[in-house]
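Asks: Structure incoming, see below.
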Protein chains: 2
Amino acid sequence: MTDRLPHTLRSDAMDNRERILEAARALFSADGLDVPMREVARRAGVGPATLYRHFPTKRMLVAEVFADQLHACRAIVDEGCADPDPWHGLCLVIEKICELHARDRGFTEAFLSAYPGVKDVAAGREYTVRAVAELARRAKEAGHLRSDFVLDDLILVLMANKGIQATSTATRVKASRRFSALVIQAFEARPRHAPLPPAARLAPAPPHGLSR
Amino acid sequence: MTDRLPHTLRSDAMDNRERILEAARALFSADGLDVPMREVARRAGVGPATLYRHFPTKRMLVAEVFADQLHACRAIVDEGCADPDPWHGLCLVIEKICELHARDRGFTEAFLSAYPGVKDVAAGREYTVRAVAELARRAKEAGHLRSDFVLDDLILVLMANKGIQATSTATRVKASRRFSALVIQAFEARPRHAPLPPAARLAPAPPHGLSR
DNA sequence: ACGGTAACGGACGCCCCCGTCCGCTTAGGT
DNA sequence: ACCTAAGCGGACGGGGGCGTCCGTTACCGT
């Protein structure tokens, strides 16, 4: 008689839950993860308590919100890996992921931060990195990717891409596009390119404004 | 009888002021501009009130602290401009500014944020940008810099460089070095390089955690 | 030595954010 | 129609950061 859990929410609760997710998606996407929970609640037209009932902590809300983007990310790398030309596939992956990140500030933060407790995002990052590693190996073998490319360079590019800020999403996307084109040209194998300084092992940084 | 201002501080006040600046330099440099004022005061061994007496607002403290780095920045661009080979000078400027930013997180934030009221930093940025513009013009003329390079690409690189985060300064500097080498190779003129997507007009973003 | 005043710092008010509690509302089964 | 419990939201407590006030301390000129 204790564990009588009804896996079916009441209709109004379902409604609220969906509106909360929608509000969170919009706000996180536009303004990043620093948006106060109250603001999400306000935008969703519910009280703070309702928000916290559906998502007991901010982390959980974040995890739920970015499930979609994680799928998009996965789709991008899968598409890139399926490309018969590994170099072309790699370029596509870099371009599209950069654009995805440019379009969604919150996702970028979640993806590149060691968000404790958001295992899904961490797993998604892991998957992406591994898949790109394989793609890079093949692109190198085909002679299109410079041989001194390392996987950390991808993290480097993602972090750098994150640094690109602008007032409007459109501007950010434009800048990000130019940026990714630039680094892709830098990654392309050439007859005699100057050697690069050694790569650094980059680990996800702790998130910004989050309680322990 | 009202405006009897002694332009000479008492010895202990001078001492405290210097210790505050030192503490702020260390903390801002390592942890960025989000460090609480109390923390600066604690590290300087003074009370909060003393800190606020010397620097009535956080912005003023920031402005004072980064006067040095601004000079360093200026020195870097001057050195680059003085180089007889404009391309070599430009490369030097990019490398050194990236490294400077990688070494000092707070300065990066101040430099790339539209920190309202910190006119000095804004002026320093303006100076840097103008000087590099001239350098870029000459490097292009010499045929070493790709012709579709625009000044906003420099801002782009600086912002991107800012995005590179790491737990230790050493790692950040290493990563930043590799990054700047990469973009420099991308900027180098080549017989037939693929065209780049259009550049975006990048304006400094508002600072993160600052009262209006 | 001593007095006056510049300088100090603990304590305070204010605001914003996270997460919780409890009395009220309303869905939905009978 | 009614009743019960799922669901709701305003109000609350806790924490932390910025900037300020005022009683106390200690520098420095005489």
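To be explicit about the labels: the chains of the structure tokens are called A, B, and onward in the order shown, and within each one the residues are counted from 1, while ligands get numbers from 1 in the order they are shown.
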So that I can check the secondary structure, give me every residue of region 3-196 of chain A assigned helix (DSSP H, G or I) by backbone DSSP, as a PyMOL selection string.
Replies: chain A and resi 11-31+37-44+48-54+58-65+67-82+86-103+105-112+119-141+151-163+169-187
Asks: Can I get the selection written as a short mmCIF file (atom, residue, chain, number, x, y, z; two decimals), in the first residue's frame, with C-alpha atoms?
Replies:
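Dumped to again.cif:
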```
data_model
loop_
_atom_site.label_atom_id
_atom_site.label_comp_id
_atom_site.auth_asym_id
_atom_site.auth_seq_id
_atom_site.Cartn_x
_atom_site.Cartn_y
_atom_site.Cartn_z
CA SER A 11 -4.06 15.99 -17.72
CA ASP A 12 -3.32 19.43 -16.33
CA ALA A 13 -0.04 18.18 -14.90
CA MET A 14 0.97 16.83 -18.30
CA ASP A 15 0.12 20.17 -19.79
CA ASN A 16 2.19 22.07 -17.30
CA ARG A 17 5.10 19.73 -17.71
CA GLU A 18 5.11 20.29 -21.44
CA ARG A 19 4.83 24.05 -21.09
CA ILE A 20 7.70 24.07 -18.62
CA LEU A 21 9.91 22.13 -21.00
CA GLU A 22 9.00 24.44 -23.82
CA ALA A 23 9.76 27.53 -21.76
CA ALA A 24 13.05 26.06 -20.56
CA ARG A 25 14.06 25.15 -24.09
CA ALA A 26 13.42 28.67 -25.33
CA LEU A 27 15.14 30.40 -22.44
CA PHE A 28 18.14 28.12 -22.13
CA SER A 29 18.61 28.23 -25.84
CA ALA A 30 18.60 31.99 -26.03
CA ASP A 31 20.20 33.00 -22.75
CA MET A 37 14.29 28.80 -12.42
CA ARG A 38 11.67 31.38 -11.53
CA GLU A 39 11.96 32.85 -14.98
CA VAL A 40 11.29 29.47 -16.52
CA ALA A 41 8.29 29.06 -14.25
CA ARG A 42 7.02 32.53 -15.07
CA ARG A 43 7.31 31.92 -18.78
CA ALA A 44 5.57 28.60 -18.44
CA PRO A 48 7.95 27.80 -8.76
CA ALA A 49 6.70 24.88 -6.71
CA THR A 50 5.13 23.26 -9.74
CA LEU A 51 8.36 23.59 -11.64
CA TYR A 52 10.28 21.99 -8.80
CA ARG A 53 7.72 19.22 -8.47
CA HIS A 54 8.23 18.20 -12.06
CA LYS A 58 17.83 22.44 -12.14
CA ARG A 59 20.18 19.74 -13.39
CA MET A 60 17.28 17.39 -14.04
CA LEU A 61 15.47 20.05 -16.00
CA VAL A 62 18.58 20.67 -18.04
CA ALA A 63 19.04 16.98 -18.71
CA GLU A 64 15.46 16.63 -19.88
CA VAL A 65 15.58 19.73 -22.02
CA ALA A 67 17.62 15.24 -24.82
CA ASP A 68 16.53 16.52 -28.24
CA GLN A 69 19.75 18.30 -29.01
CA LEU A 70 21.62 15.21 -27.94
CA HIS A 71 19.72 13.24 -30.53
CA ALA A 72 20.46 15.89 -33.11
CA CYS A 73 24.11 15.67 -32.23
CA ARG A 74 24.07 11.93 -32.56
CA ALA A 75 22.32 12.18 -35.91
CA ILE A 76 24.98 14.58 -37.14
CA VAL A 77 27.89 12.36 -36.28
CA ASP A 78 26.11 9.30 -37.63
CA GLU A 79 25.51 11.10 -40.88
CA GLY A 80 29.13 12.16 -41.02
CA CYS A 81 30.36 8.66 -40.35
CA ALA A 82 28.10 7.27 -43.05
CA PRO A 86 35.60 10.55 -44.48
CA TRP A 87 37.10 14.03 -44.92
CA HIS A 88 33.84 15.35 -46.29
CA GLY A 89 32.02 13.66 -43.45
CA LEU A 90 34.34 15.17 -40.88
CA CYS A 91 33.88 18.63 -42.34
CA LEU A 92 30.14 18.20 -42.20
CA VAL A 93 30.29 17.10 -38.59
CA ILE A 94 32.42 20.06 -37.57
CA GLU A 95 30.26 22.54 -39.42
CA LYS A 96 26.98 21.19 -38.20
CA ILE A 97 27.98 20.75 -34.60
CA CYS A 98 29.38 24.25 -34.51
CA GLU A 99 26.16 25.57 -35.95
CA LEU A 100 24.08 23.56 -33.51
CA HIS A 101 26.08 25.00 -30.65
CA ALA A 102 25.84 28.49 -32.09
CA ARG A 103 22.08 28.17 -32.23
CA ARG A 105 23.72 28.59 -26.04
CA GLY A 106 22.42 26.43 -23.26
CA PHE A 107 23.23 23.22 -25.04
CA THR A 108 26.76 24.40 -25.63
CA GLU A 109 27.21 25.06 -21.94
CA ALA A 110 25.69 21.74 -21.00
CA PHE A 111 27.72 19.88 -23.58
CA LEU A 112 31.05 21.41 -22.64
CA LYS A 119 24.92 11.56 -17.28
CA ASP A 120 23.01 11.68 -20.54
CA VAL A 121 24.84 14.72 -21.79
CA ALA A 122 28.19 13.32 -20.73
CA ALA A 123 27.37 10.09 -22.53
CA GLY A 124 26.36 12.01 -25.63
CA ARG A 125 29.63 13.89 -25.61
CA GLU A 126 31.50 10.64 -25.21
CA TYR A 127 29.66 9.09 -28.12
CA THR A 128 30.34 12.07 -30.33
CA VAL A 129 34.02 12.16 -29.52
CA ARG A 130 34.49 8.46 -30.15
CA ALA A 131 32.67 8.55 -33.45
CA VAL A 132 34.66 11.53 -34.64
CA ALA A 133 37.85 9.81 -33.60
CA GLU A 134 37.11 6.99 -35.99
CA LEU A 135 36.14 9.42 -38.71
CA ALA A 136 39.36 11.36 -38.21
CA ARG A 137 41.40 8.20 -38.43
CA ARG A 138 39.88 7.39 -41.79
CA ALA A 139 40.22 10.95 -43.06
CA LYS A 140 43.86 10.94 -42.11
CA GLU A 141 44.37 7.63 -43.84
CA LEU A 151 41.15 14.40 -31.04
CA ASP A 152 41.74 17.14 -28.52
CA ASP A 153 41.74 19.52 -31.44
CA LEU A 154 38.06 18.83 -31.82
CA ILE A 155 37.41 19.72 -28.20
CA LEU A 156 39.54 22.79 -28.77
CA VAL A 157 37.38 23.84 -31.69
CA LEU A 158 34.18 23.22 -29.77
CA MET A 159 35.39 25.26 -26.81
CA ALA A 160 36.60 28.01 -29.10
CA ASN A 161 33.29 28.00 -30.89
CA LYS A 162 31.60 28.39 -27.54
CA GLY A 163 33.58 31.55 -26.96
CA THR A 169 21.54 34.22 -32.69
CA ALA A 170 21.76 35.03 -36.37
CA THR A 171 25.04 36.87 -35.89
CA ARG A 172 26.40 34.09 -33.73
CA VAL A 173 25.56 31.51 -36.36
CA LYS A 174 27.15 33.56 -39.10
CA ALA A 175 30.32 34.05 -37.11
CA SER A 176 30.37 30.40 -36.17
CA ARG A 177 30.06 29.38 -39.80
CA ARG A 178 33.02 31.47 -40.78
CA PHE A 179 34.94 30.12 -37.85
CA SER A 180 34.31 26.49 -38.66
CA ALA A 181 35.26 27.08 -42.29
CA LEU A 182 38.47 28.63 -41.08
CA VAL A 183 39.48 25.77 -38.84
CA ILE A 184 38.52 23.22 -41.42
CA GLN A 185 40.94 24.81 -43.84
CA ALA A 186 43.52 24.72 -41.09
CA PHE A 187 42.90 21.01 -40.58
#
```
Asks: I'd like the contact shell of region 11-25 of chain D - 9 Å cut-off, only C-alpha atoms (C1' of nucleotides), skipping same-chain residues fewer than 3 positions apart - returned as a VMD selection string.
Replies: (chain B and resid 36 to 38 49 52 56 to 58 211) or (chain C and resid 7 to 8 12 to 15 17 to 18 20 to 21)
Asks: How close does each residue of chain D get to chain A, giving the shortest atom pair and distance in Å to one decimal for every residue with an atom at most 7 Å away, counting only C-alpha atoms (C1' of nucleotides), sorted by chain and residue number, as a Markdown table?
Replies:
```
| residue | atom | partner | partner_atom | distance |
| --- | --- | --- | --- | --- |
| D:DG7 | C1' | A:Ala13 | CA | 6.9 |
| D:DC8 | C1' | A:Thr50 | CA | 6.6 |
| D:DG9 | C1' | A:Gly47 | CA | 5.0 |
```
Asks: As an exercise, work out the distance from CA of Phe66 (chain A) to CA of Gln165 (chain B) in Å and give it to one decimal place.
Replies: 22.2 Å
Asks: State, in Å with one decimal place, the distance from CA of Ser168 (chain B) to CA of His193 (chain A).
Replies: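 Taking CA of Ser168 (chain B) and CA of His193 (chain A), their separation equals 29.5 Å.
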